[in-house]
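Undergrad: Please find my_file28.cif (mmCIF, C-alpha atoms and all ligand atoms) on the next line:
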data_structure
#
loop_
_atom_site.group_PDB
_atom_site.id
_atom_site.type_symbol
_atom_site.label_atom_id
_atom_site.label_comp_id
_atom_site.auth_asym_id
_atom_site.auth_seq_id
_atom_site.Cartn_x
_atom_site.Cartn_y
_atom_site.Cartn_z
ATOM 1 C CA MET A 232 -27.143 63.103 -68.360
ATOM 2 C CA ILE A 233 -29.505 61.487 -65.913
ATOM 3 C CA VAL A 234 -28.886 57.835 -65.038
ATOM 4 C CA ARG A 235 -30.399 55.232 -62.700
ATOM 5 C CA PHE A 236 -28.501 52.166 -61.634
ATOM 6 C CA LEU A 237 -28.237 49.382 -59.101
ATOM 7 C CA LYS A 238 -25.302 49.251 -56.735
ATOM 8 C CA ASP A 239 -25.084 46.696 -53.951
ATOM 9 C CA GLY A 240 -28.759 45.949 -54.541
ATOM 10 C CA ILE A 241 -29.837 49.559 -54.041
ATOM 11 C CA VAL A 242 -31.428 51.728 -56.749
ATOM 12 C CA ARG A 243 -29.524 54.983 -57.133
ATOM 13 C CA GLY A 244 -29.689 58.022 -59.363
ATOM 14 C CA GLY A 245 -26.848 60.092 -60.682
ATOM 15 C CA SER A 246 -25.418 61.958 -63.590
ATOM 16 C CA TYR A 247 -23.327 60.388 -66.330
ATOM 17 C CA SER A 248 -20.728 61.897 -68.613
ATOM 18 C CA LYS A 249 -18.117 60.202 -70.802
ATOM 19 C CA GLU A 250 -15.340 62.147 -69.065
ATOM 20 C CA ASN A 251 -16.327 61.547 -65.440
ATOM 21 C CA GLY A 252 -18.396 58.365 -65.521
ATOM 22 C CA ILE A 253 -21.215 58.357 -62.985
ATOM 23 C CA ILE A 254 -21.446 60.871 -60.159
ATOM 24 C CA SER A 255 -23.938 59.909 -57.483
ATOM 25 C CA GLY A 256 -24.237 61.302 -53.976
ATOM 26 C CA GLY A 257 -20.842 63.008 -54.274
ATOM 27 C CA GLU A 258 -19.210 59.691 -55.271
ATOM 28 C CA GLU A 259 -17.476 59.062 -58.623
ATOM 29 C CA LEU A 260 -18.271 55.599 -59.952
ATOM 30 C CA LYS A 261 -17.030 53.633 -62.940
ATOM 31 C CA LEU A 262 -19.709 52.492 -65.377
ATOM 32 C CA GLU A 263 -18.239 48.993 -65.578
ATOM 33 C CA GLY A 264 -19.833 46.549 -63.186
ATOM 34 C CA LEU A 265 -22.908 48.680 -62.473
ATOM 35 C CA PHE A 266 -26.345 47.489 -63.545
ATOM 36 C CA ILE A 267 -27.832 50.363 -65.537
ATOM 37 C CA LEU A 268 -31.611 50.626 -65.104
ATOM 38 C CA PRO A 269 -34.104 52.268 -67.464
ATOM 39 C CA PRO A 270 -33.525 55.967 -66.697
ATOM 40 C CA CYS A 271 -37.078 56.666 -65.461
ATOM 41 C CA GLN A 272 -40.231 54.836 -64.360
ATOM 42 C CA PRO A 273 -43.075 55.871 -66.665
ATOM 43 C CA SER A 274 -46.717 55.516 -65.650
ATOM 44 C CA LYS A 275 -47.320 55.071 -69.381
ATOM 45 C CA ILE A 276 -45.416 54.892 -72.628
ATOM 46 C CA VAL A 277 -47.157 56.800 -75.393
ATOM 47 C CA CYS A 278 -46.021 55.786 -78.858
ATOM 48 C CA VAL A 279 -46.520 57.514 -82.161
ATOM 49 C CA GLY A 280 -47.065 55.435 -85.296
ATOM 50 C CA LEU A 281 -46.042 56.452 -88.816
ATOM 51 C CA ASN A 282 -44.226 59.656 -87.954
ATOM 52 C CA TYR A 283 -41.593 59.550 -90.715
ATOM 53 C CA THR A 284 -42.864 59.912 -94.281
ATOM 54 C CA LYS A 285 -40.594 57.200 -95.658
ATOM 55 C CA HIS A 286 -41.560 54.681 -92.972
ATOM 56 C CA ALA A 287 -45.248 55.127 -93.854
ATOM 57 C CA GLU A 288 -44.305 54.545 -97.489
ATOM 58 C CA GLU A 289 -42.393 51.345 -96.750
ATOM 59 C CA LEU A 290 -45.395 49.964 -94.818
ATOM 60 C CA LYS A 291 -47.667 51.106 -97.679
ATOM 61 C CA MET A 292 -49.789 53.100 -95.242
ATOM 62 C CA PRO A 293 -51.261 56.541 -96.014
ATOM 63 C CA LEU A 294 -49.729 59.569 -94.267
ATOM 64 C CA PRO A 295 -51.619 60.452 -91.096
ATOM 65 C CA GLU A 296 -53.352 63.828 -90.801
ATOM 66 C CA GLU A 297 -52.969 63.685 -87.019
ATOM 67 C CA PRO A 298 -50.471 61.664 -84.954
ATOM 68 C CA ILE A 299 -51.505 58.026 -84.532
ATOM 69 C CA LEU A 300 -51.161 57.093 -80.862
ATOM 70 C CA PHE A 301 -50.901 53.783 -79.088
ATOM 71 C CA LEU A 302 -49.651 52.714 -75.661
ATOM 72 C CA LYS A 303 -47.130 50.226 -74.407
ATOM 73 C CA PRO A 304 -47.645 49.011 -70.832
ATOM 74 C CA PRO A 305 -44.952 49.628 -68.186
ATOM 75 C CA SER A 306 -44.670 45.815 -67.906
ATOM 76 C CA ALA A 307 -42.923 45.843 -71.330
ATOM 77 C CA ILE A 308 -40.023 47.972 -70.064
ATOM 78 C CA LEU A 309 -36.540 46.507 -70.491
ATOM 79 C CA ALA A 310 -33.223 47.844 -69.200
ATOM 80 C CA PRO A 311 -30.250 48.627 -71.423
ATOM 81 C CA GLU A 312 -28.295 45.390 -72.142
ATOM 82 C CA GLY A 313 -31.413 43.371 -71.242
ATOM 83 C CA HIS A 314 -32.817 40.456 -73.215
ATOM 84 C CA ILE A 315 -35.698 40.932 -75.669
ATOM 85 C CA ILE A 316 -37.678 37.711 -75.406
ATOM 86 C CA TYR A 317 -38.882 36.512 -78.817
ATOM 87 C CA PRO A 318 -42.459 35.349 -78.152
ATOM 88 C CA SER A 319 -43.547 31.950 -79.447
ATOM 89 C CA ALA A 320 -46.829 33.534 -80.682
ATOM 90 C CA SER A 321 -44.914 35.491 -83.354
ATOM 91 C CA SER A 322 -42.680 34.641 -86.290
ATOM 92 C CA GLN A 323 -41.789 38.229 -87.219
ATOM 93 C CA VAL A 324 -40.353 40.457 -84.525
ATOM 94 C CA ASP A 325 -39.083 43.818 -85.810
ATOM 95 C CA TYR A 326 -36.866 46.524 -84.304
ATOM 96 C CA GLU A 327 -37.929 50.180 -84.489
ATOM 97 C CA GLY A 328 -35.270 52.643 -83.329
ATOM 98 C CA GLU A 329 -36.853 55.840 -81.980
ATOM 99 C CA LEU A 330 -36.155 59.103 -80.185
ATOM 100 C CA ALA A 331 -37.996 59.121 -76.850
ATOM 101 C CA VAL A 332 -39.118 62.198 -74.922
ATOM 102 C CA VAL A 333 -39.157 62.002 -71.114
ATOM 103 C CA ILE A 334 -41.677 64.249 -69.378
ATOM 104 C CA GLY A 335 -40.347 66.260 -66.444
ATOM 105 C CA LYS A 336 -43.458 67.984 -65.058
ATOM 106 C CA ARG A 337 -47.092 66.974 -64.839
ATOM 107 C CA CYS A 338 -48.997 68.609 -67.670
ATOM 108 C CA LYS A 339 -52.292 68.730 -69.542
ATOM 109 C CA SER A 340 -53.307 70.708 -72.643
ATOM 110 C CA VAL A 341 -49.875 72.204 -73.230
ATOM 111 C CA ILE A 342 -49.399 74.363 -76.304
ATOM 112 C CA ALA A 343 -46.490 73.475 -78.610
ATOM 113 C CA ALA A 344 -44.676 76.756 -77.918
ATOM 114 C CA GLU A 345 -44.525 75.896 -74.194
ATOM 115 C CA ALA A 346 -43.831 72.168 -74.493
ATOM 116 C CA GLU A 347 -40.124 72.411 -73.758
ATOM 117 C CA GLN A 348 -40.589 73.427 -70.118
ATOM 118 C CA TYR A 349 -42.378 70.120 -69.430
ATOM 119 C CA ILE A 350 -39.621 67.953 -70.941
ATOM 120 C CA MET A 351 -36.881 66.441 -68.759
ATOM 121 C CA GLY A 352 -34.866 65.252 -71.742
ATOM 122 C CA TYR A 353 -34.453 62.593 -74.382
ATOM 123 C CA THR A 354 -33.321 58.998 -74.632
ATOM 124 C CA CYS A 355 -33.117 56.060 -77.064
ATOM 125 C CA PHE A 356 -36.069 53.723 -77.482
ATOM 126 C CA ASN A 357 -36.664 50.466 -79.348
ATOM 127 C CA ASP A 358 -40.353 49.989 -80.199
ATOM 128 C CA VAL A 359 -40.071 46.210 -80.601
ATOM 129 C CA THR A 360 -43.039 44.946 -82.613
ATOM 130 C CA ALA A 361 -44.480 41.547 -83.524
ATOM 131 C CA ARG A 362 -45.267 42.653 -87.072
ATOM 132 C CA ASP A 363 -47.261 39.548 -88.021
ATOM 133 C CA LEU A 364 -49.566 40.016 -85.029
ATOM 134 C CA GLN A 365 -49.916 43.750 -85.754
ATOM 135 C CA ARG A 366 -51.244 42.868 -89.228
ATOM 136 C CA LYS A 367 -53.386 39.997 -87.999
ATOM 137 C CA ASP A 368 -55.078 41.802 -85.096
ATOM 138 C CA GLY A 369 -55.853 45.071 -86.873
ATOM 139 C CA GLN A 370 -55.146 46.975 -83.669
ATOM 140 C CA TRP A 371 -51.722 47.047 -82.133
ATOM 141 C CA THR A 372 -51.939 46.235 -78.445
ATOM 142 C CA ARG A 373 -50.791 42.606 -78.553
ATOM 143 C CA ALA A 374 -48.081 43.213 -81.160
ATOM 144 C CA LYS A 375 -46.512 46.041 -79.166
ATOM 145 C CA SER A 376 -46.988 44.896 -75.583
ATOM 146 C CA PHE A 377 -45.078 41.683 -74.935
ATOM 147 C CA ASP A 378 -42.829 41.789 -71.884
ATOM 148 C CA THR A 379 -39.377 43.171 -72.899
ATOM 149 C CA PHE A 380 -40.774 44.986 -75.986
ATOM 150 C CA ALA A 381 -40.005 48.452 -74.589
ATOM 151 C CA PRO A 382 -36.241 48.792 -74.062
ATOM 152 C CA PHE A 383 -35.092 52.356 -73.430
ATOM 153 C CA GLY A 384 -32.103 54.260 -72.108
ATOM 154 C CA PRO A 385 -29.292 54.210 -71.219
ATOM 155 C CA TRP A 386 -29.645 57.774 -69.898
ATOM 156 C CA ILE A 387 -31.604 60.971 -70.384
ATOM 157 C CA GLY A 388 -29.872 63.872 -72.078
ATOM 158 C CA LYS A 389 -30.773 67.388 -73.147
ATOM 159 C CA ILE A 390 -30.453 67.633 -76.911
ATOM 160 C CA ASP A 391 -32.043 69.569 -79.740
ATOM 161 C CA PRO A 392 -34.795 67.139 -80.780
ATOM 162 C CA SER A 393 -35.339 68.855 -84.126
ATOM 163 C CA SER A 394 -32.086 67.716 -85.714
ATOM 164 C CA ALA A 395 -30.582 64.637 -84.043
ATOM 165 C CA ASP A 396 -29.016 61.796 -86.015
ATOM 166 C CA ILE A 397 -30.579 58.439 -85.208
ATOM 167 C CA GLN A 398 -29.210 55.059 -86.178
ATOM 168 C CA THR A 399 -30.159 51.419 -85.549
ATOM 169 C CA ARG A 400 -27.675 48.567 -85.875
ATOM 170 C CA VAL A 401 -28.285 44.813 -85.860
ATOM 171 C CA ASN A 402 -25.167 42.778 -85.094
ATOM 172 C CA GLY A 403 -23.154 45.918 -85.833
ATOM 173 C CA ARG A 404 -24.674 46.463 -89.303
ATOM 174 C CA VAL A 405 -26.473 49.795 -89.858
ATOM 175 C CA VAL A 406 -30.139 49.147 -90.727
ATOM 176 C CA GLN A 407 -31.760 52.519 -89.978
ATOM 177 C CA LYS A 408 -30.076 55.886 -90.475
ATOM 178 C CA SER A 409 -32.040 59.084 -90.303
ATOM 179 C CA ASN A 410 -32.418 62.437 -88.604
ATOM 180 C CA THR A 411 -35.271 63.657 -86.427
ATOM 181 C CA SER A 412 -35.640 66.653 -88.775
ATOM 182 C CA ASP A 413 -37.634 64.202 -90.941
ATOM 183 C CA LEU A 414 -40.368 63.745 -88.319
ATOM 184 C CA ILE A 415 -43.848 64.550 -89.681
ATOM 185 C CA PHE A 416 -45.024 65.793 -86.244
ATOM 186 C CA ASP A 417 -42.155 67.279 -84.240
ATOM 187 C CA VAL A 418 -41.690 66.974 -80.480
ATOM 188 C CA PRO A 419 -43.532 70.183 -79.420
ATOM 189 C CA LYS A 420 -46.504 69.245 -81.622
ATOM 190 C CA LEU A 421 -46.571 65.739 -80.167
ATOM 191 C CA VAL A 422 -46.587 67.053 -76.592
ATOM 192 C CA GLU A 423 -49.420 69.415 -77.522
ATOM 193 C CA PHE A 424 -51.442 66.677 -79.215
ATOM 194 C CA ILE A 425 -50.906 63.960 -76.594
ATOM 195 C CA SER A 426 -51.475 66.295 -73.643
ATOM 196 C CA SER A 427 -54.757 67.421 -75.219
ATOM 197 C CA VAL A 428 -55.872 63.808 -74.683
ATOM 198 C CA MET A 429 -54.236 62.675 -71.443
ATOM 199 C CA THR A 430 -52.400 64.102 -68.464
ATOM 200 C CA LEU A 431 -48.684 63.461 -68.746
ATOM 201 C CA GLU A 432 -46.850 62.592 -65.533
ATOM 202 C CA PRO A 433 -43.168 63.071 -64.653
ATOM 203 C CA GLY A 434 -41.240 60.128 -66.091
ATOM 204 C CA ASP A 435 -43.793 59.370 -68.801
ATOM 205 C CA VAL A 436 -42.191 58.448 -72.095
ATOM 206 C CA ILE A 437 -43.230 59.460 -75.599
ATOM 207 C CA ALA A 438 -41.704 57.324 -78.360
ATOM 208 C CA THR A 439 -41.781 59.558 -81.409
ATOM 209 C CA GLY A 440 -41.927 56.999 -84.231
ATOM 210 C CA THR A 441 -39.395 55.141 -86.315
ATOM 211 C CA PRO A 442 -37.561 56.140 -89.506
ATOM 212 C CA PRO A 443 -37.459 53.900 -92.599
ATOM 213 C CA GLY A 444 -35.514 50.662 -92.621
ATOM 214 C CA VAL A 445 -37.486 48.570 -90.157
ATOM 215 C CA GLY A 446 -36.653 44.909 -90.337
ATOM 216 C CA GLN A 447 -36.613 41.643 -88.507
ATOM 217 C CA LEU A 448 -34.768 40.467 -85.442
ATOM 218 C CA GLN A 449 -33.710 36.867 -84.882
ATOM 219 C CA ARG A 450 -32.851 35.051 -81.692
ATOM 220 C CA GLY A 451 -29.157 35.649 -80.976
ATOM 221 C CA ASP A 452 -29.075 39.160 -82.492
ATOM 222 C CA SER A 453 -27.757 42.235 -80.764
ATOM 223 C CA VAL A 454 -29.670 45.433 -81.553
ATOM 224 C CA GLU A 455 -28.483 48.976 -80.897
ATOM 225 C CA VAL A 456 -30.253 52.321 -81.162
ATOM 226 C CA GLU A 457 -27.893 55.288 -81.140
ATOM 227 C CA ILE A 458 -28.897 58.931 -80.930
ATOM 228 C CA GLU A 459 -26.412 61.724 -81.451
ATOM 229 C CA GLU A 460 -25.207 63.309 -78.198
ATOM 230 C CA ILE A 461 -27.149 60.836 -76.060
ATOM 231 C CA GLY A 462 -25.594 57.431 -76.528
ATOM 232 C CA THR A 463 -26.418 53.854 -77.435
ATOM 233 C CA LEU A 464 -29.120 51.531 -76.185
ATOM 234 C CA ARG A 465 -28.080 47.913 -76.699
ATOM 235 C CA ASN A 466 -30.176 44.772 -76.182
ATOM 236 C CA PHE A 467 -29.978 41.099 -77.080
ATOM 237 C CA VAL A 468 -32.692 38.908 -78.580
ATOM 238 C CA VAL A 469 -33.262 35.514 -76.966
HETATM 239 MG MG MG A 501 -42.772 52.669 -83.539
#
I need this file expressed as C-alpha cells, please.
Ligand code: MG
TA:
Amino acid sequence: MIVRFLKDGIVRGGSYSKENGIISGGEELKLEGLFILPPCQPSKIVCVGLNYTKHAEELKMPLPEEPILFLKPPSAILAPEGHIIYPSASSQVDYEGELAVVIGKRCKSVIAAEAEQYIMGYTCFNDVTARDLQRKDGQWTRAKSFDTFAPFGPWIGKIDPSSADIQTRVNGRVVQKSNTSDLIFDVPKLVEFISSVMTLEPGDVIATGTPPGVGQLQRGDSVEVEIEEIGTLRNFVV
C-alpha cells in the first residue's frame, strides 16, 4: 500500500504492509512515531451524493437518475489522526464513512470498461458534513467545505471496489456497516461520469458516497472509517 509520511521534517513516500511496516528508500521503518500524511495531494476532491439506496431513503431524498456531484476544496484535507474542528457556525456535524478512489493517470472522457487503468487505488474517506447548513443553504458548498472536513487515508491500497466491507465507528461503537456492492453507481461508472465533465489529475480523489447510518459527531469523539483490506482512518473531533 502507498503511504506518505513525515520523518525528521521531510515528506517521504513508501509502501506499507502489516508484516513489514513502512519501506521507504530501501529503509524499513516502524509506523510508531511517524507522522502519517494524507496519502496523496489531490487538485480536487469530487464527492458523490446519495449513492447508496438506503442512505437516500434515510434522508428522505429521491433516488438520483445520474450521480449527484459536489466538490470539497483541498483546504479541507485532514491527515489520519488529525483533529476535525467543529465549526461554531453549525450545531449538527455528521460523519459519512466512504470508499475513496485515487486517480493514477490524467484522464478525460474515460469509458467505464477502461476506468481501472486510470485508478491508483483506494482509501478511506470521511465526508464530514454540517448537516444543518446543508439543509439551510440548499446547495452544499459551505456544509461540506470547512477546514478539516475531508480526512482521508491512511494509505492507498488495491482492492476490489465492487465488494468491500465498509464500517464507521464513533468512540468504538459501530454506526455504519455496509458493503460497496450496494453502491447505486459503481466505481467504473463514476469515473466515466465524472471524467465526462472534468479532467481528472493524478492524485485526485473521488469519494463514492456514504451508506446508511449517518449520524452526529460531538466534540471529544473519535471517529473511524474502516475498509476491508485497506485499513482504518481515525480522527478526533475538537
Ligand atoms: Mg458523502
Undergrad: As a list in words, please: the residues near A:Ile397 (cut-off 6 Å, only C-alpha atoms, same-chain neighbours under 2 positions excluded).
TA: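 Skipping anything fewer than 2 positions along the chain leaves Lys408, Ser409, Asn410, Glu457 and Ile458 of chain A.
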Undergrad: Please identify all polymer residues within 7 Å of stretch 233-250 of chain A, counting only C-alpha atoms, omitting same-chain residues fewer than 2 positions from it, and present them as a PyMOL selection string.
TA: chain A and resi 252-255+265-270+386-388
Undergrad: Rank nothing, just name the residue among A:Gln407, A:Gln365, A:Ser394, A:Thr360 nearest to ligand MG 501 (chain A), using all atoms listed in the file.
TA: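 For ligand MG 501 (chain A), the nearest of the given residues is A:Thr360.
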Undergrad: Given the file shown, enumerate the residues that the PyMOL selection byres (((chain A and resi 338) around 9) and not hetatm) captures and present them as a ChimeraX atom specification.
TA: /A:334,336-337,339-341,349,426,429-433
Undergrad: Which residues form the shell of 8 Å around ligand MG 501 (chain A) when you count all atoms listed in the file, given as number ranges by chain?
TA: A: 278-281, 327-329, 357-360, 438-441
Undergrad: Rounded to one decimal, what separation in Å do you get between atom CA of A:Thr411 and atom CA of A:Asp396?
TA: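 Taking atom CA of A:Thr411 as the start and atom CA of A:Asp396 as the end point, the length is 6.5 Å.
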Undergrad: I want to know what sits within 8 Å of stretch 286-290 of chain A, based on all atoms listed in the file, with residues of the same chain fewer than 2 positions away left out; could you give that as a VMD selection string?
TA: chain A and resid 281 to 284 292 to 294 441 to 445
Undergrad: For each of A:Ala346, A:Val333, A:Leu300, A:Val454, take the minimum atom-to-atom distance to A:Val428, counting only C-alpha atoms, then give the residue where this is smallest.
TA: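 Closest residue, counting only C-alpha atoms: A:Leu300.
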Undergrad: Around stretch 266-278 of chain A, with edges along x, y and z and 8 Å added on all six sides, what centre and edge lengths do you get, in Å to one decimal, as JSON?
TA:
{"center_x": -36.8, "center_y": 52.1, "center_z": -71.2, "size_x": 37.0, "size_y": 25.3, "size_z": 31.3}
Undergrad: What does the PyMOL selection byres (((chain A and resi 371) around 12) and not hetatm) select in this file, as number ranges by chain?
TA: A: 278-280, 299-303, 358-370, 372-377
Undergrad: To one decimal place in Å, what is the distance between atom CA of A:Leu330 and atom CA of A:Glu460?
TA: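 Separation of atom CA of A:Leu330 and atom CA of A:Glu460: 11.9 Å.
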Undergrad: Considering only C-alpha atoms, state which residue in the set A:Gly462, A:Ile415, A:Val277, A:Gln272 is at the smallest distance from A:Glu296.
TA: A:Ile415
Undergrad: Using the partial input, fill out stretch 359-370 of chain A with all heavy atoms; write the result as a CSV table (one decimal), keeping the file's coordinate frame.
TA:
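Contents of part_13.csv, freshly written:
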chain,number,residue,atom,x,y,z
A,359,VAL,N,-40.1,47.6,-80.1
A,359,VAL,CA,-40.1,46.2,-80.6
A,359,VAL,C,-41.5,45.8,-80.9
A,359,VAL,O,-42.4,46.0,-80.1
A,359,VAL,CB,-39.4,45.3,-79.6
A,359,VAL,CG1,-39.4,43.8,-80.1
A,359,VAL,CG2,-38.0,45.7,-79.2
A,360,THR,N,-41.7,45.2,-82.1
A,360,THR,CA,-43.0,44.9,-82.6
A,360,THR,C,-43.1,43.6,-83.2
A,360,THR,O,-42.3,43.2,-84.1
A,360,THR,CB,-43.3,46.0,-83.7
A,360,THR,OG1,-43.2,47.3,-83.2
A,360,THR,CG2,-44.7,45.8,-84.3
A,361,ALA,N,-44.2,42.8,-82.8
A,361,ALA,CA,-44.5,41.5,-83.5
A,361,ALA,C,-45.3,41.9,-84.8
A,361,ALA,O,-46.5,42.0,-84.7
A,361,ALA,CB,-45.2,40.6,-82.6
A,362,ARG,N,-44.6,42.1,-85.9
A,362,ARG,CA,-45.3,42.7,-87.1
A,362,ARG,C,-46.4,41.8,-87.6
A,362,ARG,O,-47.4,42.3,-88.0
A,362,ARG,CB,-44.2,42.9,-88.2
A,362,ARG,CG,-44.7,43.7,-89.3
A,362,ARG,CD,-44.8,45.2,-89.0
A,362,ARG,NE,-43.5,45.8,-88.7
A,362,ARG,CZ,-43.4,46.9,-87.9
A,362,ARG,NH1,-44.4,47.5,-87.4
A,362,ARG,NH2,-42.2,47.3,-87.7
A,363,ASP,N,-46.2,40.4,-87.5
A,363,ASP,CA,-47.3,39.5,-88.0
A,363,ASP,C,-48.5,39.7,-87.2
A,363,ASP,O,-49.6,39.7,-87.7
A,363,ASP,CB,-46.8,38.1,-88.1
A,363,ASP,CG,-46.1,37.6,-86.8
A,363,ASP,OD1,-45.9,38.4,-85.8
A,363,ASP,OD2,-45.9,36.4,-86.7
A,364,LEU,N,-48.4,39.9,-85.9
A,364,LEU,CA,-49.6,40.0,-85.0
A,364,LEU,C,-50.2,41.4,-85.2
A,364,LEU,O,-51.4,41.6,-85.1
A,364,LEU,CB,-49.2,39.8,-83.6
A,364,LEU,CG,-48.6,38.4,-83.3
A,364,LEU,CD1,-48.3,38.3,-81.8
A,364,LEU,CD2,-49.4,37.3,-83.8
A,365,GLN,N,-49.4,42.4,-85.5
A,365,GLN,CA,-49.9,43.8,-85.8
A,365,GLN,C,-50.8,43.7,-87.0
A,365,GLN,O,-51.9,44.3,-87.0
A,365,GLN,CB,-48.8,44.7,-86.0
A,365,GLN,CG,-49.2,46.2,-86.2
A,365,GLN,CD,-48.0,47.1,-86.5
A,365,GLN,OE1,-47.0,46.7,-87.1
A,365,GLN,NE2,-48.2,48.4,-86.2
A,366,ARG,N,-50.4,43.0,-88.0
A,366,ARG,CA,-51.2,42.9,-89.2
A,366,ARG,C,-52.5,42.0,-88.9
A,366,ARG,O,-53.6,42.4,-89.3
A,366,ARG,CB,-50.4,42.2,-90.3
A,366,ARG,CG,-49.4,43.1,-91.0
A,366,ARG,CD,-48.9,42.5,-92.3
A,366,ARG,NE,-47.6,43.0,-92.6
A,366,ARG,CZ,-46.5,42.3,-92.3
A,366,ARG,NH1,-46.6,41.0,-91.9
A,366,ARG,NH2,-45.3,42.8,-92.5
A,367,LYS,N,-52.3,40.9,-88.2
A,367,LYS,CA,-53.4,40.0,-88.0
A,367,LYS,C,-54.5,40.6,-87.1
A,367,LYS,O,-55.7,40.4,-87.4
A,367,LYS,CB,-52.8,38.8,-87.3
A,367,LYS,CG,-53.7,37.6,-87.1
A,367,LYS,CD,-52.9,36.5,-86.5
A,367,LYS,CE,-53.8,35.3,-86.1
A,367,LYS,NZ,-53.1,34.3,-85.3
A,368,ASP,N,-54.1,41.3,-86.1
A,368,ASP,CA,-55.1,41.8,-85.1
A,368,ASP,C,-55.8,43.1,-85.6
A,368,ASP,O,-56.9,43.3,-85.1
A,368,ASP,CB,-54.4,42.1,-83.8
A,368,ASP,CG,-53.9,40.9,-83.0
A,368,ASP,OD1,-54.2,39.8,-83.5
A,368,ASP,OD2,-53.3,41.0,-82.0
A,369,GLY,N,-55.2,43.8,-86.5
A,369,GLY,CA,-55.9,45.1,-86.9
A,369,GLY,C,-55.6,46.2,-85.9
A,369,GLY,O,-55.4,47.3,-86.3
A,370,GLN,N,-55.6,46.0,-84.6
A,370,GLN,CA,-55.1,47.0,-83.7
A,370,GLN,C,-53.9,46.4,-83.0
A,370,GLN,O,-53.5,45.3,-83.2
A,370,GLN,CB,-56.3,47.4,-82.7
A,370,GLN,CG,-56.9,46.3,-81.9
A,370,GLN,CD,-56.1,46.0,-80.7
A,370,GLN,OE1,-55.3,46.8,-80.2
A,370,GLN,NE2,-56.3,44.8,-80.1
